[in-house]
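Right, one structure below, let's go through it.
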Amino acid sequence: MFKKMFKKDKAEAVVAHATGQFVKLEDVPDPVFSQKMMGEGMAIKPTSGTVVAPVAGEIIQIADTKHAFGIRSELGQEILVHIGLETVALKGEGFNVLVSLGDKVTVGQPIVEADLDFIEKNASSTVIPMVVTNSMENKYDFDWKAVTDVVAGDTVVFESKTK
């Protein structure tokens, strides 16, 4: 009983990882994302190729093909940002990674510069899903924000709280 009384809920705001249009994860044209096989999240149809850190944390993954990166947030969320769909086949072309594995990053810090024109011509979509890959562990409650147009590093898209 006393533990619950003194337990402090920890919360973390997660901001847009790109500038553009908010897209519900269920509307992403890829079943791995739309069926939430990788976790809870959302996506953005970008209008700019700068992809930023949605939270402060540590870079825990950078795909060899530069199309995706992972961040472990201060709250412990493991967030994967996947730039475009079917972009593995681009073998890194069209992506410029600005950080290294193990780097500590701040909210809104540019992580990848993506050539959206190149991706649009050579992949199935430019949409950029962002998923909390450890959301299945049921440690977090998500509070989704009602947003449409989002600004990278600025617009809060959801808040996470520890359960």
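Residue numbering restarts at 1 in every chain; chains get A, B, ... in the order shown in the structure tokens, and ligands count up from 1 in that same order.
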
Excluding Pro110 in chain A and residues on its chain fewer than 3 positions from it, collect all residues at most 8 Å away from it, counting only C-alpha atoms, and give them as a PyMOL selection string.
chain A and resi 50-53+98+113

Contacts of Glu120 in chain A at 12 Å or less, counting only C-alpha atoms, minus same-chain residues fewer than 3 places along, as a PyMOL selection string?
chain A and resi 45-47+49+83-87+90+94+114-117+123-127

According to DSSP computed on the backbone, where in range 43-158 of chain A is there helix (DSSP H, G or I)? Give the residues as an NGL selection string.
:A and (88-90 or 116-122 or 135-137)

Within 6 Å of range 70-72 of chain A using only C-alpha atoms, minus same-chain residues under 3 positions, as a compact mmCIF listing (two decimals) with C-alpha atoms, in the first residue's frame:
# COMPACT_ATOMS: atom_id res chain seq x y z
CA GLY A 57 18.35 9.02 -25.09
CA GLU A 58 21.02 6.76 -26.54
CA ILE A 59 21.37 5.50 -30.11
CA ILE A 60 21.16 1.71 -29.70
CA GLN A 61 20.79 0.73 -33.35
CA GLY A 76 13.44 2.97 -21.06
CA GLN A 77 11.35 2.95 -24.23
CA GLU A 78 13.10 1.38 -27.20
CA ILE A 79 11.98 3.42 -30.17
CA LEU A 80 12.61 2.36 -33.75

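Between CA of Lys24 in chain A and CA of Thr133 in chain A the separation is 16.2 Å.
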
Excluding His17 in chain A and residues on its chain fewer than 2 positions from it, collect all residues at most 10 Å away from it, counting only C-alpha atoms, and give them as a ChimeraX atom specification.
/A:14-15,19-20,43-44,46,50-55,81,107-111,128-130,150-157

Taking only C-alpha atoms into account, name the residue in A:Leu25, A:Lys104, A:Glu74, A:Gly92 that is nearest to Met37 in chain A.
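Checking each of A:Leu25, A:Lys104, A:Glu74, A:Gly92 against Met37 in chain A, counting only C-alpha atoms, the winner is A:Leu25.
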
Length of the CA of Gly41 in chain A to CA of Val132 in chain A vector [Å]
6.0 Å

Kindly give the distance, in Å, that separates CA of Val105 in chain A and CA of Glu93 in chain A, rounded to a single decimal.
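Between these atoms lies a distance of 23.8 Å.
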
Taking only C-alpha atoms into account, which of A:Met38, A:Val32, A:Ala16, A:Val88 comes nearest Lys145 in chain A?
A:Ala16

Taking the backbone alone, and naming residues the way the document does, which bits of range 43-163 of chain A are strand (DSSP E) by DSSP, as a ChimeraX atom specification?
/A:43-46,50-52,57-62,68-73,78-82,95-97,104-105,110-114,128-132,140-144,149-150,156-162

Suppose we keep N, CA and C atoms; can you now write the selection as a short mmCIF file (atom, residue, chain, number, x, y, z; two decimals), in the first residue's frame?
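Once everything was written out, this is again.cif:
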data_model
loop_
_atom_site.label_atom_id
_atom_site.label_comp_id
_atom_site.auth_asym_id
_atom_site.auth_seq_id
_atom_site.Cartn_x
_atom_site.Cartn_y
_atom_site.Cartn_z
N ALA A 43 3.16 7.10 -37.50
CA ALA A 43 4.01 7.38 -38.65
C ALA A 43 3.78 8.80 -39.14
N ILE A 44 4.69 9.23 -40.00
CA ILE A 44 4.59 10.57 -40.59
C ILE A 44 4.86 10.46 -42.08
N LYS A 45 4.00 11.11 -42.87
CA LYS A 45 4.25 11.28 -44.31
C LYS A 45 5.06 12.57 -44.39
N PRO A 46 6.39 12.46 -44.62
CA PRO A 46 7.26 13.63 -44.48
C PRO A 46 7.19 14.63 -45.63
N THR A 50 14.74 15.66 -43.13
CA THR A 50 15.47 15.63 -41.85
C THR A 50 14.68 14.81 -40.84
N VAL A 51 15.30 13.74 -40.36
CA VAL A 51 14.66 12.86 -39.37
C VAL A 51 15.41 13.06 -38.05
N VAL A 52 14.64 13.39 -37.00
CA VAL A 52 15.24 13.79 -35.73
C VAL A 52 14.93 12.79 -34.61
N GLY A 57 17.95 10.38 -25.42
CA GLY A 57 18.35 9.02 -25.09
C GLY A 57 19.65 8.62 -25.75
N GLU A 58 19.80 7.31 -25.96
CA GLU A 58 21.02 6.76 -26.54
C GLU A 58 20.69 6.02 -27.83
N ILE A 59 21.53 6.23 -28.84
CA ILE A 59 21.37 5.50 -30.11
C ILE A 59 21.81 4.06 -29.86
N ILE A 60 20.85 3.12 -29.98
CA ILE A 60 21.16 1.71 -29.70
C ILE A 60 21.18 0.86 -30.97
N GLN A 61 20.79 1.47 -32.09
CA GLN A 61 20.79 0.73 -33.35
C GLN A 61 20.85 1.70 -34.52
N ILE A 62 21.70 1.36 -35.49
CA ILE A 62 21.70 2.05 -36.78
C ILE A 62 21.79 0.94 -37.82
N ALA A 68 17.08 2.94 -40.95
CA ALA A 68 16.39 2.85 -39.65
C ALA A 68 17.39 3.05 -38.52
N PHE A 69 16.85 3.56 -37.40
CA PHE A 69 17.68 3.69 -36.20
C PHE A 69 16.82 3.47 -34.97
N GLY A 70 17.49 3.11 -33.89
CA GLY A 70 16.80 2.88 -32.63
C GLY A 70 17.38 3.75 -31.53
N ILE A 71 16.51 4.20 -30.64
CA ILE A 71 16.90 5.02 -29.49
C ILE A 71 16.30 4.41 -28.23
N ARG A 72 17.10 4.29 -27.18
CA ARG A 72 16.56 3.93 -25.86
C ARG A 72 16.39 5.24 -25.11
N SER A 73 15.13 5.53 -24.75
CA SER A 73 14.82 6.79 -24.09
C SER A 73 15.20 6.73 -22.61
N GLU A 78 12.22 1.64 -26.07
CA GLU A 78 13.10 1.38 -27.20
C GLU A 78 12.32 1.74 -28.45
N ILE A 79 12.73 2.84 -29.06
CA ILE A 79 11.98 3.42 -30.17
C ILE A 79 12.74 3.21 -31.47
N LEU A 80 12.05 2.59 -32.43
CA LEU A 80 12.61 2.36 -33.75
C LEU A 80 11.98 3.35 -34.73
N VAL A 81 12.82 4.03 -35.50
CA VAL A 81 12.35 4.92 -36.55
C VAL A 81 12.79 4.29 -37.88
N HIS A 82 11.82 4.01 -38.74
CA HIS A 82 12.07 3.32 -40.02
C HIS A 82 11.74 4.28 -41.15
N PHE A 95 20.52 8.06 -47.92
CA PHE A 95 20.50 8.31 -46.47
C PHE A 95 21.88 8.80 -46.01
N ASN A 96 21.89 9.83 -45.18
CA ASN A 96 23.12 10.32 -44.57
C ASN A 96 22.91 10.30 -43.06
N VAL A 97 23.58 9.35 -42.37
CA VAL A 97 23.44 9.21 -40.92
C VAL A 97 24.38 10.20 -40.24
N LYS A 104 24.75 9.79 -27.24
CA LYS A 104 23.63 10.34 -26.48
C LYS A 104 23.06 11.47 -27.33
N VAL A 105 21.74 11.48 -27.48
CA VAL A 105 21.10 12.49 -28.33
C VAL A 105 20.04 13.25 -27.54
N PRO A 110 18.97 16.27 -35.19
CA PRO A 110 18.95 15.55 -36.47
C PRO A 110 19.76 14.24 -36.39
N ILE A 111 19.14 13.15 -36.86
CA ILE A 111 19.78 11.83 -36.82
C ILE A 111 20.13 11.35 -38.23
N VAL A 112 19.20 11.54 -39.17
CA VAL A 112 19.41 11.12 -40.56
C VAL A 112 18.85 12.18 -41.50
N GLU A 113 19.61 12.44 -42.56
CA GLU A 113 19.11 13.25 -43.67
C GLU A 113 18.74 12.26 -44.77
N ALA A 114 17.47 12.26 -45.16
CA ALA A 114 17.00 11.33 -46.18
C ALA A 114 16.63 12.10 -47.44
N ILE A 128 7.28 7.42 -42.72
CA ILE A 128 8.29 7.09 -41.71
C ILE A 128 7.61 6.62 -40.42
N PRO A 129 7.46 5.30 -40.26
CA PRO A 129 6.91 4.78 -39.01
C PRO A 129 7.88 4.94 -37.84
N MET A 130 7.30 5.09 -36.65
CA MET A 130 8.06 5.12 -35.40
C MET A 130 7.32 4.21 -34.43
N VAL A 131 8.00 3.17 -33.93
CA VAL A 131 7.35 2.23 -33.02
C VAL A 131 8.16 2.05 -31.74
N VAL A 132 7.43 1.81 -30.66
CA VAL A 132 8.06 1.48 -29.38
C VAL A 132 8.16 -0.05 -29.37
N TYR A 140 4.19 0.47 -20.29
CA TYR A 140 3.86 1.88 -20.55
C TYR A 140 2.39 2.06 -20.90
N ASP A 141 1.87 3.21 -20.48
CA ASP A 141 0.57 3.68 -20.94
C ASP A 141 0.85 4.80 -21.93
N PHE A 142 0.12 4.82 -23.05
CA PHE A 142 0.33 5.82 -24.09
C PHE A 142 -0.85 6.78 -24.15
N ASP A 143 -0.55 8.05 -24.23
CA ASP A 143 -1.57 9.09 -24.38
C ASP A 143 -1.34 9.73 -25.74
N TRP A 144 -2.17 9.35 -26.73
CA TRP A 144 -2.01 9.83 -28.10
C TRP A 144 -2.59 11.22 -28.25
N ASP A 149 -0.88 18.05 -38.75
CA ASP A 149 0.41 18.53 -39.25
C ASP A 149 1.38 18.54 -38.08
N VAL A 150 2.57 17.96 -38.30
CA VAL A 150 3.55 17.88 -37.21
C VAL A 150 4.88 18.48 -37.64
N VAL A 156 4.39 17.35 -29.98
CA VAL A 156 4.26 16.14 -29.17
C VAL A 156 3.21 15.25 -29.83
N VAL A 157 3.59 13.99 -30.14
CA VAL A 157 2.66 13.07 -30.80
C VAL A 157 2.05 12.09 -29.80
N PHE A 158 2.79 11.78 -28.73
CA PHE A 158 2.22 11.00 -27.63
C PHE A 158 3.06 11.15 -26.39
N GLU A 159 2.45 10.85 -25.26
CA GLU A 159 3.17 10.80 -24.00
C GLU A 159 3.12 9.39 -23.49
N SER A 160 4.21 8.96 -22.90
CA SER A 160 4.28 7.62 -22.31
C SER A 160 4.47 7.77 -20.83
N LYS A 161 3.79 6.88 -20.10
CA LYS A 161 3.92 6.85 -18.64
C LYS A 161 4.23 5.43 -18.23
N THR A 162 5.08 5.28 -17.23
CA THR A 162 5.31 3.94 -16.70
C THR A 162 4.07 3.51 -15.92
#

Ranking A:Val23, A:Ala89, A:Ala18, A:Ala13 by minimum distance to Ala56 in chain A and counting only C-alpha atoms, which one comes first?
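Of the candidates, the smallest distance to Ala56 in chain A is held by A:Ala13.
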
Which residue of A:Ser100, A:Met136, A:Met42, A:Ser34 approaches Lys66 in chain A most closely, using only C-alpha atoms:
A:Ser100
